[in-house]
$ cat upload_20.csv   # CSV, C-alpha atoms
chain,number,residue,atom,x,y,z
A,1,MET,CA,-56.1,-100.1,14.8
A,2,ASP,CA,-58.2,-100.4,11.8
A,3,PRO,CA,-59.8,-103.8,11.1
A,4,ARG,CA,-58.2,-105.7,8.4
A,5,PRO,CA,-60.0,-105.1,5.1
A,6,GLU,CA,-61.7,-107.9,3.0
A,7,PRO,CA,-59.6,-109.0,0.0
A,8,ALA,CA,-62.2,-107.7,-2.4
A,9,GLU,CA,-61.8,-104.2,-0.9
A,10,THR,CA,-58.1,-104.0,-1.7
A,11,GLN,CA,-58.1,-105.6,-5.1
A,12,PRO,CA,-57.8,-103.2,-8.0
A,13,ALA,CA,-60.5,-103.2,-10.6
A,14,LEU,CA,-59.7,-105.2,-13.7
A,15,THR,CA,-59.8,-103.4,-17.0
A,16,ARG,CA,-59.3,-104.7,-20.5
A,17,TRP,CA,-55.6,-103.7,-20.3
A,18,SER,CA,-55.3,-105.5,-16.9
A,19,HIS,CA,-56.8,-108.7,-18.4
A,20,ALA,CA,-54.6,-108.4,-21.5
A,21,TRP,CA,-51.2,-108.1,-19.8
A,22,ARG,CA,-52.1,-110.8,-17.3
A,23,TYR,CA,-53.0,-113.3,-20.1
A,24,ALA,CA,-49.9,-112.3,-22.1
A,25,LEU,CA,-47.8,-113.1,-19.0
A,26,CYS,CA,-49.6,-116.4,-18.6
A,27,GLY,CA,-48.9,-117.2,-22.3
A,28,LEU,CA,-45.2,-116.5,-21.8
A,29,ILE,CA,-45.0,-118.8,-18.8
A,30,SER,CA,-46.9,-121.5,-20.7
A,31,ALA,CA,-44.5,-121.2,-23.6
A,32,ILE,CA,-41.4,-121.5,-21.3
A,33,VAL,CA,-42.8,-124.6,-19.6
A,34,TRP,CA,-44.4,-126.4,-22.6
A,35,GLY,CA,-42.1,-125.2,-25.4
A,36,PRO,CA,-39.1,-127.5,-24.7
A,37,VAL,CA,-41.4,-130.7,-24.8
A,38,ALA,CA,-44.1,-129.7,-27.3
A,39,ALA,CA,-42.3,-131.2,-30.4
A,40,ALA,CA,-41.3,-134.4,-28.5
A,41,GLU,CA,-44.9,-134.9,-27.3
A,42,TRP,CA,-46.2,-134.4,-30.9
A,43,ARG,CA,-43.9,-137.2,-32.2
A,44,GLU,CA,-43.8,-139.6,-29.2
A,45,GLN,CA,-46.9,-139.0,-27.1
A,46,PRO,CA,-49.8,-137.6,-29.3
A,47,GLY,CA,-52.3,-138.5,-26.6
A,48,LEU,CA,-50.5,-136.4,-24.0
A,49,PHE,CA,-50.2,-133.6,-26.6
A,50,THR,CA,-54.0,-133.6,-27.1
A,51,VAL,CA,-54.6,-133.6,-23.3
A,52,GLU,CA,-52.2,-130.7,-22.9
A,53,LEU,CA,-54.1,-128.6,-25.4
A,54,ALA,CA,-57.5,-129.4,-24.0
A,55,LEU,CA,-56.5,-128.8,-20.4
A,56,GLY,CA,-54.6,-125.7,-21.4
A,57,VAL,CA,-57.6,-124.1,-23.1
A,58,ALA,CA,-59.8,-125.1,-20.2
A,59,SER,CA,-57.4,-123.5,-17.7
A,60,TYR,CA,-57.3,-120.2,-19.6
A,61,VAL,CA,-61.1,-120.2,-19.4
A,62,ALA,CA,-61.2,-121.2,-15.7
A,63,VAL,CA,-58.7,-118.6,-14.6
A,64,TRP,CA,-61.0,-115.8,-15.8
A,65,PHE,CA,-63.2,-116.6,-12.7
A,66,ARG,CA,-60.4,-116.6,-10.2
A,67,ARG,CA,-61.8,-113.6,-8.2
A,68,ALA,CA,-65.3,-115.2,-7.9
A,69,ALA,CA,-63.9,-118.4,-6.4
A,70,PRO,CA,-60.2,-118.0,-5.7
A,71,VAL,CA,-59.3,-121.2,-4.0
A,72,PRO,CA,-61.4,-123.6,-6.1
A,73,VAL,CA,-60.2,-122.1,-9.3
A,74,ALA,CA,-56.6,-122.1,-8.2
A,75,VAL,CA,-56.7,-125.8,-7.0
A,76,THR,CA,-58.5,-126.9,-10.2
A,77,VAL,CA,-56.1,-125.1,-12.6
A,78,ALA,CA,-53.1,-126.5,-10.5
A,79,VAL,CA,-54.4,-130.0,-10.9
A,80,MET,CA,-54.8,-129.4,-14.7
A,81,SER,CA,-51.1,-128.2,-14.8
A,82,ALA,CA,-50.1,-131.7,-13.6
A,83,LEU,CA,-50.8,-133.0,-17.1
A,84,SER,CA,-50.6,-129.7,-19.1
A,85,GLY,CA,-47.6,-127.4,-19.3
A,86,ILE,CA,-49.9,-124.9,-21.0
A,87,ALA,CA,-51.9,-124.7,-17.8
A,88,ALA,CA,-48.7,-123.6,-15.9
A,89,GLY,CA,-49.4,-119.9,-16.8
A,90,PRO,CA,-53.0,-119.8,-15.6
A,91,ALA,CA,-51.9,-121.9,-12.5
A,92,THR,CA,-49.3,-119.2,-11.7
A,93,LEU,CA,-51.8,-116.4,-12.1
A,94,ALA,CA,-54.5,-118.2,-9.9
A,95,ALA,CA,-51.9,-119.0,-7.2
A,96,VAL,CA,-50.6,-115.5,-7.0
A,97,SER,CA,-54.2,-114.2,-6.9
A,98,VAL,CA,-54.9,-116.5,-3.9
A,99,ALA,CA,-51.6,-115.4,-2.2
A,100,THR,CA,-52.6,-111.7,-2.4
A,101,ARG,CA,-55.5,-112.6,0.0
A,102,ARG,CA,-52.9,-113.4,2.7
A,103,VAL,CA,-55.0,-116.1,4.3
A,104,VAL,CA,-52.5,-118.7,5.6
A,105,TRP,CA,-54.5,-121.9,5.0
A,106,GLN,CA,-55.4,-120.8,1.5
A,107,VAL,CA,-51.8,-120.0,0.6
A,108,ALA,CA,-50.5,-123.3,2.1
A,109,LEU,CA,-53.1,-125.4,0.3
A,110,VAL,CA,-52.6,-123.8,-3.1
A,111,GLY,CA,-48.9,-123.8,-2.7
A,112,VAL,CA,-48.7,-127.6,-1.9
A,113,VAL,CA,-51.0,-128.5,-4.8
A,114,ASN,CA,-48.9,-126.5,-7.2
A,115,VAL,CA,-45.7,-128.1,-6.0
A,116,VAL,CA,-47.1,-131.6,-6.3
A,117,ALA,CA,-48.6,-130.7,-9.8
A,118,ALA,CA,-45.3,-129.2,-11.0
A,119,GLN,CA,-43.3,-132.2,-9.9
A,120,THR,CA,-45.9,-134.6,-11.5
A,121,TYR,CA,-45.6,-132.8,-14.8
A,122,ALA,CA,-41.8,-132.9,-14.6
A,123,MET,CA,-42.1,-136.7,-14.3
A,124,VAL,CA,-44.8,-137.1,-17.0
A,125,ALA,CA,-43.6,-134.8,-19.7
A,126,PRO,CA,-40.7,-136.0,-21.9
A,127,PHE,CA,-38.1,-133.7,-20.3
A,128,ALA,CA,-34.4,-134.6,-20.4
A,129,ARG,CA,-34.0,-136.4,-17.1
A,130,SER,CA,-31.8,-134.8,-14.4
A,131,ASP,CA,-31.1,-135.3,-10.7
A,132,PRO,CA,-34.5,-135.6,-8.9
A,133,THR,CA,-33.2,-133.6,-6.0
A,134,ILE,CA,-32.4,-130.6,-8.3
A,135,SER,CA,-35.8,-130.9,-9.9
A,136,VAL,CA,-37.6,-130.8,-6.5
A,137,LEU,CA,-35.5,-127.8,-5.4
A,138,VAL,CA,-36.2,-125.9,-8.6
A,139,VAL,CA,-40.0,-126.6,-8.2
A,140,LEU,CA,-39.9,-125.5,-4.5
A,141,ALA,CA,-37.9,-122.4,-5.3
A,142,VAL,CA,-40.2,-121.3,-8.2
A,143,ASN,CA,-43.4,-121.9,-6.2
A,144,ALA,CA,-42.0,-120.1,-3.1
A,145,ALA,CA,-41.1,-117.1,-5.3
A,146,MET,CA,-44.6,-117.2,-6.8
A,147,MET,CA,-46.4,-117.3,-3.5
A,148,GLY,CA,-44.0,-114.7,-2.0
A,149,TRP,CA,-44.7,-112.3,-4.8
A,150,GLY,CA,-48.4,-112.7,-4.2
A,151,LEU,CA,-48.0,-112.1,-0.5
A,152,TYR,CA,-46.0,-108.9,-1.3
A,153,LEU,CA,-48.7,-107.7,-3.6
A,154,GLY,CA,-51.4,-108.3,-1.1
A,155,SER,CA,-49.5,-106.6,1.7
A,156,ARG,CA,-48.9,-103.6,-0.6
A,157,ARG,CA,-52.5,-103.4,-1.6
A,158,GLU,CA,-53.6,-103.5,2.0
A,159,LEU,CA,-51.1,-100.8,2.9
A,160,MET,CA,-52.4,-98.5,0.1
A,161,TRP,CA,-56.0,-99.2,1.2
A,162,ASN,CA,-55.2,-98.2,4.8
A,163,LEU,CA,-53.4,-95.0,3.6
A,164,ARG,CA,-56.4,-94.1,1.5
A,165,ARG,CA,-58.7,-94.7,4.4
A,166,ARG,CA,-56.6,-92.6,6.8
A,167,ALA,CA,-56.5,-89.8,4.2
A,168,GLU,CA,-60.3,-89.9,3.8
A,169,ARG,CA,-60.8,-90.0,7.6
A,170,ALA,CA,-58.4,-87.1,8.0
A,171,GLU,CA,-60.3,-85.1,5.4
A,172,THR,CA,-63.6,-85.9,7.1
A,173,GLU,CA,-62.2,-84.9,10.5
A,174,GLN,CA,-60.8,-81.7,9.1
A,175,ASP,CA,-64.2,-80.9,7.7
A,176,LEU,CA,-65.8,-81.6,11.1
A,177,ARG,CA,-63.2,-79.4,12.8
A,178,LEU,CA,-63.9,-76.6,10.3
A,179,ALA,CA,-67.6,-76.9,10.8
A,180,GLN,CA,-67.2,-76.9,14.6
A,181,ALA,CA,-64.9,-73.8,14.3
A,182,ARG,CA,-67.5,-72.0,12.2
A,183,THR,CA,-70.2,-72.9,14.7
A,184,THR,CA,-68.1,-71.6,17.6
A,185,GLU,CA,-67.2,-68.5,15.7
A,186,ARG,CA,-70.8,-67.8,14.9
A,187,ALA,CA,-71.7,-68.2,18.6
A,188,ARG,CA,-69.0,-65.9,19.6
A,189,ILE,CA,-70.1,-63.3,17.0
A,190,ALA,CA,-73.7,-63.6,18.2
A,191,ARG,CA,-72.6,-63.0,21.8
A,192,GLU,CA,-70.6,-60.0,20.9
A,193,MET,CA,-73.3,-58.6,18.7
A,194,HIS,CA,-75.9,-59.1,21.5
A,195,ASP,CA,-73.7,-57.6,24.2
A,196,VAL,CA,-72.9,-54.5,22.1
A,197,LEU,CA,-76.2,-53.8,20.4
A,198,ALA,CA,-78.8,-54.8,23.1
A,199,HIS,CA,-77.6,-52.0,25.4
A,200,ARG,CA,-77.8,-49.3,22.7
A,201,ILE,CA,-80.9,-50.4,20.9
A,202,THR,CA,-82.8,-50.6,24.2
A,203,GLN,CA,-81.9,-47.0,24.9
A,204,VAL,CA,-83.1,-46.0,21.4
A,205,SER,CA,-86.4,-48.0,21.9
A,206,MET,CA,-87.1,-46.4,25.3
A,207,HIS,CA,-86.5,-42.9,24.1
A,208,ALA,CA,-88.5,-43.4,21.0
A,209,GLY,CA,-91.3,-44.8,23.1
A,210,ALA,CA,-91.2,-41.9,25.5
A,211,LEU,CA,-91.4,-39.4,22.6
A,212,ALA,CA,-94.4,-41.3,21.2
A,213,PHE,CA,-96.1,-41.2,24.5
A,214,ARG,CA,-95.6,-37.5,25.2
A,215,ASP,CA,-97.9,-35.3,23.2
A,216,ASP,CA,-97.1,-32.1,25.2
A,217,LEU,CA,-93.6,-31.5,23.8
A,218,ASP,CA,-92.8,-28.4,21.9
A,219,VAL,CA,-90.7,-28.4,18.8
A,220,THR,CA,-87.4,-27.6,20.6
A,221,ARG,CA,-87.8,-30.4,23.1
A,222,LEU,CA,-88.9,-32.8,20.5
A,223,ARG,CA,-85.9,-32.0,18.3
A,224,ALA,CA,-83.6,-32.5,21.3
A,225,GLY,CA,-85.1,-35.9,22.0
A,226,LEU,CA,-84.7,-36.9,18.3
A,227,GLU,CA,-81.1,-35.7,18.3
A,228,GLN,CA,-80.5,-37.9,21.4
A,229,ILE,CA,-82.0,-40.9,19.6
A,230,GLN,CA,-79.9,-40.2,16.6
A,231,GLY,CA,-76.8,-40.0,18.8
A,232,GLN,CA,-77.6,-43.3,20.4
A,233,ALA,CA,-78.2,-44.9,17.0
A,234,ASN,CA,-74.8,-43.6,15.8
A,235,ASP,CA,-73.2,-45.0,18.9
A,236,ALA,CA,-74.7,-48.4,18.2
A,237,LEU,CA,-73.4,-48.3,14.6
A,238,ARG,CA,-70.0,-47.3,15.7
A,239,GLU,CA,-69.8,-50.1,18.3
A,240,LEU,CA,-71.1,-52.6,15.8
A,241,ARG,CA,-68.3,-51.5,13.4
A,242,ASP,CA,-65.8,-51.9,16.2
A,243,VAL,CA,-67.0,-55.4,17.0
A,244,LEU,CA,-66.9,-56.5,13.4
A,245,GLY,CA,-63.4,-55.1,13.1
A,246,VAL,CA,-62.3,-57.2,16.1
A,247,LEU,CA,-64.0,-60.4,14.8
A,248,ARG,CA,-62.7,-59.9,11.2
A,249,GLU,CA,-59.6,-62.0,10.9
A,250,ASP,CA,-58.5,-61.2,7.4
A,251,GLY,CA,-58.0,-57.5,8.0
A,252,HIS,CA,-57.6,-56.8,4.3
A,253,GLY,CA,-58.2,-53.1,3.7
A,254,SER,CA,-59.9,-52.6,7.1
A,255,GLN,CA,-58.9,-49.9,9.6
A,256,PRO,CA,-57.6,-51.0,13.0
A,257,ALA,CA,-60.5,-51.7,15.3
A,258,GLN,CA,-61.2,-49.8,18.5
A,259,PRO,CA,-60.0,-51.5,21.7
A,260,GLN,CA,-62.5,-53.7,23.5
A,261,PRO,CA,-63.9,-52.5,26.8
A,262,THR,CA,-61.9,-53.2,30.0
A,263,TYR,CA,-62.8,-53.2,33.7
A,264,GLY,CA,-61.9,-49.5,33.9
A,265,ASP,CA,-64.7,-48.7,31.4
A,266,ILE,CA,-67.4,-49.9,33.8
A,267,ALA,CA,-67.4,-46.5,35.6
A,268,THR,CA,-68.1,-44.8,32.2
A,269,LEU,CA,-70.9,-47.3,31.5
A,270,VAL,CA,-72.5,-46.6,34.8
A,271,ALA,CA,-72.2,-42.8,34.3
A,272,GLU,CA,-73.8,-43.1,30.9
A,273,ALA,CA,-76.7,-45.0,32.3
A,274,ARG,CA,-77.2,-42.4,35.0
A,275,THR,CA,-77.3,-39.6,32.4
A,276,LEU,CA,-80.0,-41.5,30.6
A,277,GLY,CA,-82.2,-41.6,33.7
A,278,LEU,CA,-81.4,-44.9,35.3
A,279,ASP,CA,-80.8,-44.9,39.0
A,280,VAL,CA,-77.5,-46.9,39.6
A,281,ASP,CA,-75.8,-47.4,42.9
A,282,PHE,CA,-72.3,-48.6,42.0
A,283,ALA,CA,-69.7,-49.7,44.6
A,284,ASP,CA,-66.3,-50.8,43.3
A,285,ASP,CA,-64.3,-52.7,46.0
A,286,VAL,CA,-61.9,-54.5,43.6
A,287,ASP,CA,-58.3,-54.4,44.7
A,288,ARG,CA,-56.7,-52.1,42.0
A,289,SER,CA,-53.1,-52.5,43.1
A,290,THR,CA,-52.9,-55.2,40.4
A,291,PRO,CA,-54.5,-54.3,37.0
A,292,VAL,CA,-57.5,-56.5,36.2
A,293,PRO,CA,-56.6,-58.8,33.2
A,294,PRO,CA,-58.2,-57.5,30.0
A,295,ALA,CA,-60.1,-60.7,29.3
A,296,THR,CA,-61.6,-60.8,32.8
A,297,GLY,CA,-62.4,-57.1,32.8
A,298,ARG,CA,-64.1,-57.4,29.4
A,299,THR,CA,-66.3,-60.2,30.7
A,300,VAL,CA,-67.2,-58.3,33.9
A,301,TYR,CA,-68.0,-55.3,31.7
A,302,ARG,CA,-70.4,-57.3,29.5
A,303,ILE,CA,-72.1,-58.7,32.6
A,304,VAL,CA,-72.7,-55.3,34.0
A,305,GLN,CA,-73.8,-54.0,30.6
A,306,GLU,CA,-76.3,-56.8,30.3
A,307,GLY,CA,-77.6,-56.3,33.8
A,308,ILE,CA,-78.2,-52.6,33.2
A,309,THR,CA,-79.9,-53.4,29.9
A,310,ASN,CA,-82.2,-56.0,31.5
A,311,ALA,CA,-83.1,-53.6,34.4
A,312,ARG,CA,-83.9,-50.8,31.8
A,313,LYS,CA,-86.2,-53.2,29.8
A,314,HIS,CA,-87.8,-55.2,32.6
A,315,ALA,CA,-87.8,-52.9,35.6
A,316,PRO,CA,-87.8,-49.3,34.4
A,317,GLY,CA,-87.6,-46.8,37.2
A,318,SER,CA,-86.1,-49.2,39.7
A,319,VAL,CA,-82.7,-48.7,41.4
A,320,VAL,CA,-79.9,-51.0,40.1
A,321,ALA,CA,-77.4,-51.8,42.8
A,322,ILE,CA,-74.0,-53.0,41.5
A,323,ARG,CA,-71.3,-54.4,43.8
A,324,SER,CA,-68.0,-55.5,42.5
A,325,SER,CA,-65.3,-56.9,44.7
A,326,GLY,CA,-62.2,-59.2,44.5
A,327,ASP,CA,-58.5,-59.5,44.3
A,328,PRO,CA,-55.9,-61.6,42.4
A,329,ARG,CA,-56.2,-64.4,45.0
A,330,SER,CA,-60.0,-64.7,45.3
A,331,GLY,CA,-61.1,-63.6,41.9
A,332,ILE,CA,-63.8,-61.1,41.0
A,333,THR,CA,-67.4,-61.2,42.1
A,334,VAL,CA,-70.0,-58.8,40.6
A,335,ARG,CA,-73.5,-58.6,41.9
A,336,LEU,CA,-76.4,-56.7,40.3
A,337,ALA,CA,-79.8,-56.3,42.0
A,338,ASN,CA,-82.9,-54.5,41.1
A,339,ALA,CA,-86.6,-54.6,42.1
A,340,VAL,CA,-88.8,-57.0,40.2
A,341,ALA,CA,-91.3,-54.8,38.4
A,342,HIS,CA,-94.8,-55.7,37.3
A,343,ARG,CA,-94.4,-53.8,34.0
A,344,SER,CA,-91.6,-53.7,31.5
A,345,SER,CA,-90.6,-51.5,28.6
A,346,ALA,CA,-91.8,-52.1,25.1
A,347,ALA,CA,-88.3,-53.1,24.0
A,348,PRO,CA,-88.4,-56.6,22.7
A,349,GLY,CA,-85.7,-59.1,23.8
A,350,ALA,CA,-84.6,-62.5,22.5
A,351,GLY,CA,-84.0,-63.9,26.0
A,352,LEU,CA,-80.5,-65.0,25.1
A,353,GLY,CA,-78.4,-62.4,26.8
A,354,LEU,CA,-78.0,-64.2,30.1
A,355,VAL,CA,-77.5,-67.5,28.2
A,356,GLY,CA,-74.6,-65.9,26.3
A,357,LEU,CA,-73.2,-64.4,29.4
A,358,ARG,CA,-73.3,-67.7,31.2
A,359,GLU,CA,-71.4,-69.4,28.4
A,360,ARG,CA,-68.9,-66.5,28.4
A,361,ALA,CA,-68.4,-66.9,32.2
A,362,GLU,CA,-68.0,-70.6,32.0
A,363,LEU,CA,-65.5,-70.3,29.2
A,364,ARG,CA,-63.4,-68.1,31.5
A,365,GLY,CA,-63.6,-70.7,34.3
A,366,GLY,CA,-66.2,-68.8,36.3
A,367,ARG,CA,-70.0,-69.0,36.9
A,368,LEU,CA,-73.1,-66.9,36.5
A,369,ASP,CA,-76.2,-67.3,38.7
A,370,GLN,CA,-79.6,-65.6,38.6
A,371,HIS,CA,-82.4,-65.8,41.2
A,372,THR,CA,-85.1,-63.8,42.8
A,373,ASP,CA,-84.8,-62.9,46.4
A,374,GLY,CA,-88.2,-61.8,47.5
A,375,SER,CA,-89.1,-58.8,45.3
A,376,THR,CA,-85.5,-58.4,44.1
A,377,PHE,CA,-83.9,-59.9,41.0
A,378,VAL,CA,-80.3,-60.8,41.6
A,379,LEU,CA,-77.6,-61.5,39.0
A,380,GLU,CA,-74.3,-62.6,40.5
A,381,ALA,CA,-71.1,-63.8,38.7
A,382,TRP,CA,-67.7,-64.9,39.8
A,383,LEU,CA,-64.6,-65.1,37.6
A,384,PRO,CA,-61.1,-66.1,38.4
A,385,TRP,CA,-58.7,-63.2,38.3
A,386,ALA,CA,-56.6,-64.6,35.5
A,387,ALA,CA,-59.5,-66.0,33.5

$ encode --input "upload_20.csv" --output "structure tokens"
Amino acid sequence: MDPRPEPAETQPALTRWSHAWRYALCGLISAIVWGPVAAAEWREQPGLFTVELALGVASYVAVWFRRAAPVPVAVTVAVMSALSGIAAGPATLAAVSVATRRVVWQVALVGVVNVVAAQTYAMVAPFARSDPTISVLVVLAVNAAMMGWGLYLGSRRELMWNLRRRAERAETEQDLRLAQARTTERARIAREMHDVLAHRITQVSMHAGALAFRDDLDVTRLRAGLEQIQGQANDALRELRDVLGVLREDGHGSQPAQPQPTYGDIATLVAEARTLGLDVDFADDVDRSTPVPPATGRTVYRIVQEGITNARKHAPGSVVAIRSSGDPRSGITVRLANAVAHRSSAAPGAGLGLVGLRERAELRGGRLDQHTDGSTFVLEAWLPWAA
């Protein structure tokens, strides 16, 4: 639960109009209380008449500072109202202001002082005498209504304050959720972009480096190499467009994106790597009686793709051994191993591919490990079948 706010936090700001209507209401209450006895006091008790006017003016001045010192002002004005019917209006305003604070001892103190003051004025002023019991009951009823109205206003102000706080907190939490969603989406896009482009761009870099190194190629062979680089660059652009189509959520005016890779596409990936000169030993021992779920297959595909890309960049010329096994009960395990080379290609790397793959595997409920076994670098991952 939210802590209870301080009274100053829930009180509305006082404008000129707020002061005006409050003082007008005080004037009306003062007229109702003092009006019936004003003429009689002027004729029979001029001293009391003068005291009424002096205390009344003083009470209207004092009540202006009720928010700065609520209880002292309320008690002081209530005491003034014991000898001045004019002070009844300011006493009512000050008492209601204290009641809106909803502090029990303050409400009780001010309420008792007002009851005593009102009963005293009823005895001092030249009212037509009536049954004392009725007079006491009227005073109690009026003061109870007055304090009850103040308690209601305070409760309503606190409720509105809590609602505003909750609305502000909800807006803040919504902004945080949106920011987190944007961060997550950016990370997902970064992983997809890396997985798709690193493989193709590495191929382009290696072929371009080979052409730059060879100075004995004739025009025909040079043109064939450049055409191969162009084809690989076009493949990279096409796959980039496909990924952006999948990640784009609005879909306005865009063509349907190409399907994402599945487990069955790994064989094509391996065949492509072999045609580009990489020695790949691939063994697929996965139980194919049940189709591999698309999400799991796509993750395995990305792991194999990243392993091939890393081997091409960091261990060119080495044999890449890929073993994939599993079934619906035990999940899928994929293991890639290649020799640790002392030289690597000139293709730069951000070093974030395996980090992104590890995050992807963990999001699917699996794990990804990498280690060096003697002179062999091993990348091994396990994923639950229904990731």

$ closest_residue --input "upload_20.csv" --among "A:Leu269, A:Ala283, A:Ala99, A:Val71" --to "Asn143 (chain A)" --atoms "all atoms listed in the file"
A:Ala99

$ residues_around --input "upload_20.csv" --residues "region 37-44 of chain A" --least-positions-apart "5" --cutoff "9 Å" --atoms "only C-alpha atoms" --output "list in words"
Phe49, Thr50, Gly85, Ala125, Pro126 and Phe127 of chain A

$ closest_residue --input "upload_20.csv" --among "A:Val320, A:Ala208, A:Met123, A:Leu151" --to "Glu227 (chain A)" --atoms "all atoms listed in the file"
A:Ala208

$ atom_distance --input "upload_20.csv" --atom1 "CA of Val103 (chain A)" --atom2 "CA of Ala122 (chain A)"
28.5 Å

$ atom_distance --input "upload_20.csv" --atom1 "CA of Ala339 (chain A)" --atom2 "CA of Gly366 (chain A)"
25.5 Å
